[in-house]
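To be precise, the following lines are model-v3.pdb, and they hold PDB, C-alpha atoms and all ligand atoms.
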MODEL        1
ATOM      1  CA  MET M   1      59.509  86.328  74.611
ATOM      2  CA  ILE M   2      61.041  85.205  77.854
ATOM      3  CA  THR M   3      61.157  81.521  78.740
ATOM      4  CA  LYS M   4      61.516  81.238  82.487
ATOM      5  CA  ILE M   5      63.361  78.167  83.670
ATOM      6  CA  MET M   6      62.330  76.417  86.846
ATOM      7  CA  ASN M   7      65.455  74.434  87.602
ATOM      8  CA  SER M   8      68.881  75.987  87.458
ATOM      9  CA  PRO M   9      71.040  74.532  84.680
ATOM     10  CA  VAL M  10      73.480  71.647  85.207
ATOM     11  CA  GLY M  11      76.938  71.824  83.636
ATOM     12  CA  GLN M  12      80.657  71.629  84.125
ATOM     13  CA  MET M  13      81.455  75.319  83.761
ATOM     14  CA  ILE M  14      79.680  78.571  84.559
ATOM     15  CA  SER M  15      80.861  82.112  83.880
ATOM     16  CA  THR M  16      79.782  85.736  84.280
ATOM     17  CA  TRP M  17      78.468  88.052  81.526
ATOM     18  CA  ARG M  18      77.985  87.532  77.823
ATOM     19  CA  MET M  19      81.600  88.480  77.175
ATOM     20  CA  SER M  20      82.625  85.084  78.596
ATOM     21  CA  GLU M  21      80.640  83.030  76.075
ATOM     22  CA  GLU M  22      83.364  82.447  73.503
ATOM     23  CA  GLY M  23      85.965  81.725  76.195
ATOM     24  CA  LEU M  24      83.670  79.320  77.979
ATOM     25  CA  ARG M  25      83.089  77.450  74.750
ATOM     26  CA  LEU M  26      86.853  77.048  74.308
ATOM     27  CA  GLY M  27      87.373  76.095  77.955
ATOM     28  CA  ASN M  28      84.536  73.600  77.840
ATOM     29  CA  GLN M  29      86.047  71.988  74.753
ATOM     30  CA  ILE M  30      89.255  71.396  76.731
ATOM     31  CA  LEU M  31      87.297  70.009  79.654
ATOM     32  CA  GLN M  32      85.300  67.651  77.443
ATOM     33  CA  GLU M  33      88.384  66.457  75.587
ATOM     34  CA  ASN M  34      90.956  66.006  78.337
ATOM     35  CA  ASP M  35      89.235  66.923  81.615
ATOM     36  CA  ASN M  36      92.039  69.365  82.465
ATOM     37  CA  LEU M  37      90.239  71.803  84.747
ATOM     38  CA  GLY M  38      93.065  74.313  85.252
ATOM     39  CA  GLU M  39      93.764  74.555  81.540
ATOM     40  CA  ALA M  40      90.056  74.920  80.766
ATOM     41  CA  ILE M  41      89.508  77.777  83.216
ATOM     42  CA  VAL M  42      92.686  79.640  82.254
ATOM     43  CA  ARG M  43      91.790  79.297  78.546
ATOM     44  CA  ALA M  44      88.306  80.660  79.146
ATOM     45  CA  VAL M  45      89.562  83.675  81.109
ATOM     46  CA  LYS M  46      92.429  84.396  78.704
ATOM     47  CA  CYS M  47      90.028  84.611  75.792
ATOM     48  CA  VAL M  48      88.327  87.571  77.501
ATOM     49  CA  GLU M  49      91.623  89.120  78.655
ATOM     50  CA  ASP M  50      92.959  89.084  75.093
ATOM     51  CA  ASP M  51      89.947  90.687  73.446
ATOM     52  CA  PRO M  52      90.101  94.518  73.416
ATOM     53  CA  ALA M  53      86.381  94.640  72.637
ATOM     54  CA  TYR M  54      85.732  93.819  76.306
ATOM     55  CA  VAL M  55      86.657  96.984  78.131
ATOM     56  CA  SER M  56      86.569  95.716  81.692
ATOM     57  CA  VAL M  57      89.107  92.893  81.551
ATOM     58  CA  GLY M  58      92.718  92.595  80.342
ATOM     59  CA  TYR M  59      93.861  94.221  77.094
ATOM     60  CA  GLY M  60      91.985  97.480  76.531
ATOM     61  CA  GLY M  61      90.690  97.460  80.121
ATOM     62  CA  LEU M  62      89.369 100.481  81.984
ATOM     63  CA  PRO M  63      92.137 102.873  83.080
ATOM     64  CA  ASN M  64      92.610 104.258  86.580
ATOM     65  CA  ARG M  65      92.576 108.003  87.268
ATOM     66  CA  GLU M  66      96.160 108.299  86.044
ATOM     67  CA  GLY M  67      95.271 106.688  82.724
ATOM     68  CA  GLN M  68      96.902 103.335  83.443
ATOM     69  CA  VAL M  69      95.262  99.933  83.142
ATOM     70  CA  GLU M  70      95.721  98.169  86.476
ATOM     71  CA  LEU M  71      94.570  94.574  86.570
ATOM     72  CA  ASP M  72      93.579  92.040  89.237
ATOM     73  CA  ALA M  73      93.221  88.280  88.791
ATOM     74  CA  ALA M  74      92.908  85.207  90.990
ATOM     75  CA  TYR M  75      92.671  81.433  90.766
ATOM     76  CA  MET M  76      91.602  78.914  93.403
ATOM     77  CA  ASP M  77      91.977  75.141  93.268
ATOM     78  CA  GLY M  78      89.120  73.560  95.208
ATOM     79  CA  ASP M  79      90.996  70.292  95.834
ATOM     80  CA  THR M  80      94.039  71.799  97.544
ATOM     81  CA  LEU M  81      92.490  75.186  98.424
ATOM     82  CA  GLY M  82      95.649  76.550  96.756
ATOM     83  CA  THR M  83      95.029  80.174  95.859
ATOM     84  CA  GLY M  84      97.014  82.568  93.718
ATOM     85  CA  ALA M  85      96.337  86.205  92.922
ATOM     86  CA  VAL M  86      97.962  89.205  91.319
ATOM     87  CA  ILE M  87      96.842  92.678  92.294
ATOM     88  CA  SER M  88      97.312  96.015  90.519
ATOM     89  CA  VAL M  89      99.507  94.653  87.737
ATOM     90  CA  LYS M  90     100.244  96.795  84.707
ATOM     91  CA  ASN M  91     101.301  95.598  81.280
ATOM     92  CA  LEU M  92     100.956  91.911  82.036
ATOM     93  CA  LYS M  93      99.272  90.270  79.050
ATOM     94  CA  ASN M  94      97.453  87.515  80.962
ATOM     95  CA  PRO M  95      97.114  88.137  84.701
ATOM     96  CA  ILE M  96      95.132  84.891  85.072
ATOM     97  CA  GLU M  97      98.187  82.902  83.973
ATOM     98  CA  ALA M  98     100.261  84.421  86.809
ATOM     99  CA  ALA M  99      97.457  83.815  89.320
ATOM    100  CA  TYR M 100      97.125  80.190  88.195
ATOM    101  CA  ARG M 101     100.849  79.537  88.630
ATOM    102  CA  LEU M 102     100.837  81.235  92.026
ATOM    103  CA  SER M 103      97.971  78.980  93.169
ATOM    104  CA  LYS M 104     100.397  76.070  93.082
ATOM    105  CA  LYS M 105     102.621  77.748  95.671
ATOM    106  CA  ASN M 106     101.980  77.635  99.358
ATOM    107  CA  ARG M 107     103.745  80.841 100.380
ATOM    108  CA  SER M 108     103.957  84.241  98.691
ATOM    109  CA  CYS M 109     101.042  83.237  96.488
ATOM    110  CA  ILE M 110      99.193  86.575  96.471
ATOM    111  CA  LEU M 111     101.381  89.292  95.013
ATOM    112  CA  ALA M 112     100.745  92.967  94.356
ATOM    113  CA  GLY M 113     102.269  95.597  92.057
ATOM    114  CA  ASP M 114     106.010  95.396  91.425
ATOM    115  CA  GLY M 115     106.379  92.086  93.253
ATOM    116  CA  ALA M 116     103.746  90.499  91.037
ATOM    117  CA  MET M 117     105.473  91.868  87.933
ATOM    118  CA  LYS M 118     108.848  90.528  89.094
ATOM    119  CA  TYR M 119     107.280  87.109  89.574
ATOM    120  CA  ALA M 120     105.694  87.255  86.111
ATOM    121  CA  SER M 121     109.005  88.213  84.583
ATOM    122  CA  TYR M 122     110.770  85.385  86.419
ATOM    123  CA  GLU M 123     108.149  82.976  85.060
ATOM    124  CA  GLY M 124     108.699  84.324  81.550
ATOM    125  CA  LEU M 125     105.113  85.529  81.141
ATOM    126  CA  ALA M 126     104.336  87.900  78.275
ATOM    127  CA  TYR M 127     104.221  91.675  78.714
ATOM    128  CA  GLN M 128     102.065  93.996  76.641
ATOM    129  CA  ASN M 129     100.938  97.609  76.803
ATOM    130  CA  MET M 130      97.359  97.068  77.966
ATOM    131  CA  LEU M 131      96.149 100.578  77.153
ATOM    132  CA  THR M 132      94.540 100.544  73.720
ATOM    133  CA  GLU M 133      93.837 103.632  71.683
ATOM    134  CA  SER M 134      90.159 103.385  72.569
ATOM    135  CA  SER M 135      90.783 103.017  76.330
ATOM    136  CA  ARG M 136      93.114 106.036  76.158
ATOM    137  CA  LYS M 137      90.433 108.052  74.331
ATOM    138  CA  ARG M 138      87.799 107.008  76.828
ATOM    139  CA  TYR M 139      90.074 108.244  79.610
ATOM    140  CA  GLU M 140      90.665 111.589  77.931
ATOM    141  CA  GLU M 141      86.953 112.070  77.327
ATOM    142  CA  GLU M 142      86.234 111.388  80.984
ATOM    143  CA  LEU M 143      88.825 113.950  82.082
ATOM    144  CA  LYS M 144      87.121 116.546  79.931
ATOM    145  CA  VAL M 145      83.689 116.047  81.476
ATOM    146  CA  SER M 146      84.604 115.539  85.126
ATOM    147  CA  LYS M 147      86.689 117.468  87.566
ATOM    148  CA  GLN M 148      89.231 115.192  89.230
ATOM    149  CA  GLU M 149      87.293 114.988  92.487
ATOM    150  CA  GLU M 150      84.005 114.247  90.710
ATOM    151  CA  ILE M 151      85.194 111.473  88.461
ATOM    152  CA  ARG M 152      82.442 108.933  87.957
ATOM    153  CA  ALA M 153      82.870 105.211  88.206
ATOM    154  CA  TYR M 154      81.916 103.944  84.752
ATOM    155  CA  GLU M 155      78.972 101.628  84.957
ATOM    156  CA  GLY M 156      80.373  98.976  82.640
ATOM    157  CA  HIS M 157      83.027  97.683  85.045
ATOM    158  CA  ASP M 158      82.737  93.903  85.004
ATOM    159  CA  THR M 159      84.735  90.881  86.002
ATOM    160  CA  VAL M 160      85.047  87.639  84.126
ATOM    161  CA  CYS M 161      84.579  84.825  86.653
ATOM    162  CA  VAL M 162      84.778  81.184  85.577
ATOM    163  CA  ILE M 163      83.935  78.184  87.761
ATOM    164  CA  GLY M 164      84.572  74.635  86.602
ATOM    165  CA  ARG M 165      84.176  71.047  87.722
ATOM    166  CA  SER M 166      86.067  68.052  86.334
ATOM    167  CA  ARG M 167      84.429  64.665  85.751
ATOM    168  CA  GLU M 168      85.980  63.405  88.968
ATOM    169  CA  GLY M 169      84.523  66.292  90.927
ATOM    170  CA  SER M 170      87.521  68.615  91.282
ATOM    171  CA  MET M 171      86.369  72.215  91.398
ATOM    172  CA  ALA M 172      88.203  75.479  90.697
ATOM    173  CA  CYS M 173      87.583  79.106  89.937
ATOM    174  CA  GLY M 174      89.389  81.894  88.039
ATOM    175  CA  VAL M 175      88.619  85.628  87.875
ATOM    176  CA  SER M 176      90.106  88.637  86.054
ATOM    177  CA  THR M 177      89.229  92.348  85.895
ATOM    178  CA  SER M 178      90.498  95.883  85.417
ATOM    179  CA  GLY M 179      88.247  96.880  88.336
ATOM    180  CA  LEU M 180      86.524 100.228  88.556
ATOM    181  CA  TYR M 181      86.959 102.843  85.872
ATOM    182  CA  MET M 182      88.937 105.858  87.118
ATOM    183  CA  LYS M 183      89.794 104.064  90.344
ATOM    184  CA  GLU M 184      92.543 105.413  92.570
ATOM    185  CA  PRO M 185      95.903 103.900  91.634
ATOM    186  CA  GLY M 186      96.434 100.882  93.872
ATOM    187  CA  ARG M 187      92.718 100.454  94.602
ATOM    188  CA  VAL M 188      91.883  96.800  95.313
ATOM    189  CA  GLY M 189      88.401  95.408  94.629
ATOM    190  CA  ASP M 190      86.836  92.132  95.705
ATOM    191  CA  SER M 191      88.033  90.151  92.691
ATOM    192  CA  PRO M 192      91.524  89.153  93.891
ATOM    193  CA  LEU M 193      90.378  88.723  97.520
ATOM    194  CA  ILE M 194      89.751  85.135  98.566
ATOM    195  CA  GLY M 195      86.235  84.624  99.896
ATOM    196  CA  SER M 196      84.968  87.920  98.480
ATOM    197  CA  GLY M 197      85.403  87.726  94.709
ATOM    198  CA  PHE M 198      85.782  83.945  94.545
ATOM    199  CA  TYR M 199      85.935  80.749  96.564
ATOM    200  CA  ALA M 200      86.236  77.073  95.569
ATOM    201  CA  ASP M 201      86.183  73.986  97.738
ATOM    202  CA  SER M 202      85.644  70.647  95.967
ATOM    203  CA  GLU M 203      83.991  69.363  99.152
ATOM    204  CA  ALA M 204      81.315  72.075  99.188
ATOM    205  CA  GLY M 205      81.096  73.978  95.880
ATOM    206  CA  ALA M 206      82.373  77.179  94.325
ATOM    207  CA  ALA M 207      81.118  80.741  93.928
ATOM    208  CA  ALA M 208      82.293  84.022  92.408
ATOM    209  CA  ALA M 209      81.073  87.606  92.343
ATOM    210  CA  THR M 210      81.004  90.627  90.062
ATOM    211  CA  GLY M 211      79.847  94.168  90.755
ATOM    212  CA  MET M 212      80.912  96.935  93.089
ATOM    213  CA  GLY M 213      83.925  95.421  94.871
ATOM    214  CA  GLU M 214      83.784  97.656  97.921
ATOM    215  CA  ASP M 215      80.238  96.375  98.565
ATOM    216  CA  ILE M 216      80.873  92.706  97.758
ATOM    217  CA  MET M 217      83.882  92.427 100.042
ATOM    218  CA  LYS M 218      81.946  93.704 103.062
ATOM    219  CA  GLY M 219      79.993  90.429 102.956
ATOM    220  CA  CYS M 220      82.734  87.954 101.921
ATOM    221  CA  LEU M 221      80.015  87.033  99.465
ATOM    222  CA  SER M 222      81.572  84.081  97.643
ATOM    223  CA  PHE M 223      82.604  82.329 100.835
ATOM    224  CA  SER M 224      79.189  82.907 102.309
ATOM    225  CA  ILE M 225      77.521  81.159  99.321
ATOM    226  CA  VAL M 226      79.885  78.183  99.546
ATOM    227  CA  GLU M 227      79.228  77.860 103.284
ATOM    228  CA  LYS M 228      75.493  77.773 102.680
ATOM    229  CA  MET M 229      76.002  74.927 100.195
ATOM    230  CA  ARG M 230      78.266  73.144 102.667
ATOM    231  CA  ASN M 231      75.400  73.272 105.133
ATOM    232  CA  GLY M 232      73.106  71.599 102.631
ATOM    233  CA  MET M 233      71.410  74.499 100.922
ATOM    234  CA  ASN M 234      70.519  74.191  97.242
ATOM    235  CA  VAL M 235      72.892  76.191  95.000
ATOM    236  CA  GLN M 236      70.314  78.619  93.588
ATOM    237  CA  GLU M 237      68.864  79.269  97.016
ATOM    238  CA  ALA M 238      72.372  79.787  98.442
ATOM    239  CA  CYS M 239      73.104  82.446  95.797
ATOM    240  CA  GLU M 240      69.824  84.276  96.344
ATOM    241  CA  LYS M 241      69.900  84.062 100.128
ATOM    242  CA  ALA M 242      73.529  85.137 100.559
ATOM    243  CA  LEU M 243      73.037  88.055  98.197
ATOM    244  CA  ARG M 244      69.729  89.137  99.731
ATOM    245  CA  GLU M 245      71.063  88.966 103.288
ATOM    246  CA  HIS M 246      74.119  90.965 102.359
ATOM    247  CA  TRP M 247      72.204  93.513 100.349
ATOM    248  CA  ARG M 248      69.804  94.080 103.267
ATOM    249  CA  ARG M 249      72.788  94.430 105.602
ATOM    250  CA  LEU M 250      74.209  97.163 103.354
ATOM    251  CA  GLU M 251      70.803  98.796 102.930
ATOM    252  CA  ARG M 252      70.396  99.105 106.708
ATOM    253  CA  ARG M 253      73.643 101.103 106.690
ATOM    254  CA  GLY M 254      72.348 103.383 103.960
ATOM    255  CA  TYR M 255      74.304 102.049 100.983
ATOM    256  CA  PRO M 256      72.617 102.395  97.590
ATOM    257  CA  ASN M 257      72.272  99.372  95.317
ATOM    258  CA  ASN M 258      75.417  99.652  93.178
ATOM    259  CA  GLY M 259      74.902  96.224  91.650
ATOM    260  CA  MET M 260      76.253  92.872  92.775
ATOM    261  CA  SER M 261      75.874  89.572  90.922
ATOM    262  CA  VAL M 262      77.022  86.055  91.759
ATOM    263  CA  ILE M 263      77.402  82.663  90.134
ATOM    264  CA  ALA M 264      77.933  79.318  91.855
ATOM    265  CA  MET M 265      78.154  75.581  91.288
ATOM    266  CA  ASP M 266      77.592  72.757  93.748
ATOM    267  CA  THR M 267      79.632  69.554  93.959
ATOM    268  CA  GLN M 268      77.280  67.812  91.507
ATOM    269  CA  GLY M 269      77.496  70.470  88.778
ATOM    270  CA  ASN M 270      74.176  72.189  89.524
ATOM    271  CA  THR M 271      74.591  75.897  88.912
ATOM    272  CA  GLY M 272      73.026  79.016  90.367
ATOM    273  CA  ALA M 273      73.097  82.766  89.801
ATOM    274  CA  ALA M 274      71.651  85.823  91.522
ATOM    275  CA  THR M 275      71.844  89.566  91.115
ATOM    276  CA  THR M 276      70.673  92.866  92.512
ATOM    277  CA  LEU M 277      70.462  94.176  88.923
ATOM    278  CA  GLU M 278      67.409  93.861  86.760
ATOM    279  CA  GLU M 279      69.258  91.467  84.491
ATOM    280  CA  PHE M 280      72.546  89.635  84.754
ATOM    281  CA  PRO M 281      73.674  87.370  81.900
ATOM    282  CA  PHE M 282      75.766  84.271  82.608
ATOM    283  CA  VAL M 283      76.878  81.252  80.633
ATOM    284  CA  VAL M 284      76.717  77.540  81.461
ATOM    285  CA  ALA M 285      78.637  74.872  79.533
ATOM    286  CA  GLY M 286      78.834  71.096  79.700
ATOM    287  CA  GLU M 287      78.522  67.930  77.650
ATOM    288  CA  ASN M 288      75.692  69.419  75.599
ATOM    289  CA  GLY M 289      77.513  72.624  74.707
ATOM    290  CA  CYS M 290      77.328  76.183  75.909
ATOM    291  CA  ARG M 291      74.298  78.347  76.643
ATOM    292  CA  LEU M 292      73.550  81.900  77.713
ATOM    293  CA  TYR M 293      71.106  82.497  80.581
ATOM    294  CA  VAL M 294      69.920  85.574  82.410
ATOM    295  CA  ALA M 295      69.238  85.987  86.117
ATOM    296  CA  SER M 296      66.707  88.656  86.890
ATOM    297  CA  MET M 297      65.662  90.289  90.136
ATOM    298  CA  ASP M 298      62.359  92.080  90.571
ATOM    299  CA  GLN M 299      63.500  95.449  91.943
ATOM    300  CA  GLU M 300      60.347  95.800  94.070
ATOM    301  CA  THR M 301      59.986  92.376  95.638
ATOM    302  CA  GLY M 302      63.562  91.076  95.452
ATOM    303  CA  GLU M 303      62.263  87.872  93.808
ATOM    304  CA  HIS M 304      64.541  86.089  91.373
ATOM    305  CA  PHE M 305      63.968  84.136  88.222
ATOM    306  CA  LEU M 306      66.202  82.723  85.495
ATOM    307  CA  PHE M 307      65.426  82.781  81.794
ATOM    308  CA  VAL M 308      66.866  81.781  78.452
ATOM    309  CA  PRO M 309      67.196  84.955  76.350
ATOM    310  CA  ASP M 310      65.870  84.928  72.800
ATOM    311  CA  LYS M 311      67.465  86.573  69.735
ATOM    312  CA  GLU M 312      65.543  89.769  70.343
ATOM    313  CA  TRP M 313      66.858  90.064  73.899
ATOM    314  CA  ILE M 314      70.407  89.377  72.731
ATOM    315  CA  LYS M 315      70.128  92.002  69.985
ATOM    316  CA  ASN M 316      68.820  94.677  72.347
ATOM    317  CA  SER M 317      70.909  93.944  75.414
ATOM    318  CA  LYS M 318      73.590  96.484  76.253
ATOM    319  CA  SER M 319      75.105  94.312  78.929
ATOM    320  CA  ASP M 320      78.684  92.956  78.583
TER     321      ASP M 320
HETATM  322  C1  LIG B 401      85.880  95.311  91.243
HETATM  323  N1  LIG B 401      84.279  93.533  91.245
HETATM  324  O1  LIG B 401      87.044  95.563  90.987
HETATM  325  C2  LIG B 401      85.158  94.296  90.402
HETATM  326  C3  LIG B 401      84.475  94.989  89.283
HETATM  327  C4  LIG B 401      83.298  94.283  88.724
HETATM  328  O2  LIG B 401      81.195  94.421  87.767
HETATM  329  O3  LIG B 401      83.160  93.100  88.715
HETATM  330  N2  LIG B 401      82.332  94.991  88.255
HETATM  331  O4  LIG B 401      85.252  95.878  92.147
ENDMDL
END

Write out the structure in this file as structure tokens.
Amino acid sequence: MITKIMNSPVGQMISTWRMSEEGLRLGNQILQENDNLGEAIVRAVKCVEDDPAYVSVGYGGLPNREGQVELDAAYMDGDTLGTGAVISVKNLKNPIEAAYRLSKKNRSCILAGDGAMKYASYEGLAYQNMLTESSRKRYEEELKVSKQEEIRAYEGHDTVCVIGRSREGSMACGVSTSGLYMKEPGRVGDSPLIGSGFYADSEAGAAAATGMGEDIMKGCLSFSIVEKMRNGMNVQEACEKALREHWRRLERRGYPNNGMSVIAMDTQGNTGAATTLEEFPFVVAGENGCRLYVASMDQETGEHFLFVPDKEWIKNSKSD
């Protein structure tokens, strides 16, 4: 039984995929207790990074075509517009922590590869071998079934994106991912790119994206949602419209629908979500606790609706 909801939920935090539920609960607890937005977002993202059961983020993430887990993360402070990101980092336990610290700097705040690792080491951040036994096995299995040039991008690549708003109206956003499975070493997706994978401006709202990075970045999707809100559009409409416009733009060029999903929050804490998938789970948290929702797009008409999943849906869903 699906209960459609007419108005998008109101809250202080919103995050992508079911895998973010536990983290969002912990982050929301911090926000409710001490209103520390940065700490709340970093806590929520770290919870997903640390859990090897989630194969698309942090520890146990999806390896690249050389069998190494290469991670991207970013953080944006919507008050200062301060942005930090780390790109293609290996063996860094919590990339979001490095991105958060870098967001407080005004120069050299987006770092890739060795430079990012040097910064993390200077900051005393923890290292860890991020390749678990099961991600190594998954890699070896893939090598057996595909020739190098035919390697498939695994469908379960996902990004944890967390948007938050403090009681005083400060907004921020954090994202973390291992990107595409079997990606080329050094491949950069949308997630650590400002305006594509994330954007936060406390004067206008915040948005973040998950899905095929090469497609998302062609539309600077997160920035485009925030700009629609800045111009007065309702948050749910901004998500749907930005995504639809961009999807059509890609379609006209012959791109297939590889899946893109977005979440957003306006300056009052109203949330929105949209997807080109049939179903995209997201989580909203606030004073009244934490709740899972699903955004759904009719694949024929492009129409969206949101619903609260029941136990049956949760039991049967294969989505992260
Ligand atoms: C990337 N956007 O690296 C990420 C992956 C993702 O759902 O979110 N997939 O392209």

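Take atom CA of M:Ala238 and atom CA of M:Ser202: the distance between them is 16.3 Å.
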
Report task. Step by step, work through what the PyMOL selection byres (((not hetatm)) within 7 of (chain B and resi 401)) selects in the shown file, and finish by giving those residues as a VMD selection string. Result -> chain M and resid 156 to 159 177 to 180 188 to 191 197 209 to 214

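Going from atom CA of M:Glu133 over to atom CA of M:Tyr100, you cover 28.9 Å.
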
Report summary line: One decimal place gives the atom CA of M:Val145-atom CA of M:Glu184 separation as 17.7 Å

Requested in this report: Find the residues around M:Asp50 up to 10 Å (all atoms listed in the file counted), leave out those fewer than 5 positions away in its own chain, and share them as a count of residues only.
Outcome: 8

Residues within 7 Å of (99.9, 81.3, 94.7), counting only C-alpha atoms, listed as an mmCIF file with C-alpha atoms, in the frame of the given file:
data_model
loop_
_atom_site.group_PDB
_atom_site.id
_atom_site.type_symbol
_atom_site.label_atom_id
_atom_site.label_comp_id
_atom_site.auth_asym_id
_atom_site.auth_seq_id
_atom_site.Cartn_x
_atom_site.Cartn_y
_atom_site.Cartn_z
ATOM 1 C CA GLY M 82 95.649 76.550 96.756
ATOM 2 C CA THR M 83 95.029 80.174 95.859
ATOM 3 C CA GLY M 84 97.014 82.568 93.718
ATOM 4 C CA ALA M 85 96.337 86.205 92.922
ATOM 5 C CA ALA M 99 97.457 83.815 89.320
ATOM 6 C CA ARG M 101 100.849 79.537 88.630
ATOM 7 C CA LEU M 102 100.837 81.235 92.026
ATOM 8 C CA SER M 103 97.971 78.980 93.169
ATOM 9 C CA LYS M 104 100.397 76.070 93.082
ATOM 10 C CA LYS M 105 102.621 77.748 95.671
ATOM 11 C CA ASN M 106 101.980 77.635 99.358
ATOM 12 C CA ARG M 107 103.745 80.841 100.380
ATOM 13 C CA SER M 108 103.957 84.241 98.691
ATOM 14 C CA CYS M 109 101.042 83.237 96.488
ATOM 15 C CA ILE M 110 99.193 86.575 96.471
#

Query - Residues returned when the PyMOL selection byres (((chain M and resi 135) around 8) and not hetatm) runs on this file, as a list of chain:residue names - result: M:Val55, M:Gly60, M:Gly61, M:Leu62, M:Pro63, M:Leu131, M:Thr132, M:Glu133, M:Ser134, M:Arg136, M:Lys137, M:Arg138, M:Tyr139

Requested in this report: Compile the contact shell of M:Glu300 as a PyMOL selection string: residues with an atom at most 12 Å away, counting all atoms listed in the file, same-chain residues fewer than 3 positions apart removed.
Outcome: chain M and resi 276-278+296-297+303-304

Query - Cut-off 12 Å around (65.5, 84.4, 73.5) with all atoms listed in the file: residues as JSON, numbers by chain - result: {"M": [1, 2, 3, 4, 291, 292, 293, 294, 307, 308, 309, 310, 311, 312, 313, 314, 315, 316, 317]}

Query - Using all atoms listed in the file: which of M:Trp17, M:Tyr54, M:Tyr127, M:Tyr181 has the shortest distance to M:Asn91 - result: M:Tyr127

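Candidate residues M:Asp79, M:Arg43, M:Ile163, M:Asn64 were compared for distance to M:Gly286, and the nearest is M:Ile163, using all atoms listed in the file.
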
Requested in this report: Just the residues within 12 Å of M:Glu33, please, counting only C-alpha atoms, with nothing from its chain fewer than 4 positions along; format it as a PyMOL selection string.
Outcome: chain M and resi 26-29+37+39-40+166-167+286-287

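Remark: for M:Glu70, the closest of the candidate residues M:Gln236, M:Ser319, M:Ser88, M:Asn36 is M:Ser88 (distances computed over all atoms listed in the file).
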
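Closest approach to M:Asn270 among M:Gly169, M:Gly124, M:Gly67, M:Gly289 is made by M:Gly169 (distances from all atoms listed in the file).
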
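Distances from M:Ala285, M:Ala172, M:Ala295, M:Met233 to M:Gly23 were compared using all atoms listed in the file, and the smallest one belongs to M:Ala285.
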
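Each of M:Gly232, M:Gly186, M:Pro52, M:Gly254 was compared to M:Arg65 using all atoms listed in the file, and M:Gly186 turns out to be the nearest.
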
Query raised in the report: Given the file above and the PyMOL selection byres (((chain M and resi 174) around 10) and not hetatm), which residues are selected, and can you give them as a ChimeraX atom specification?
Result: /M:15,38,41-42,44-45,73-77,83-85,96-97,99-100,160-164,172-173,175-176,191-192,197-200,208
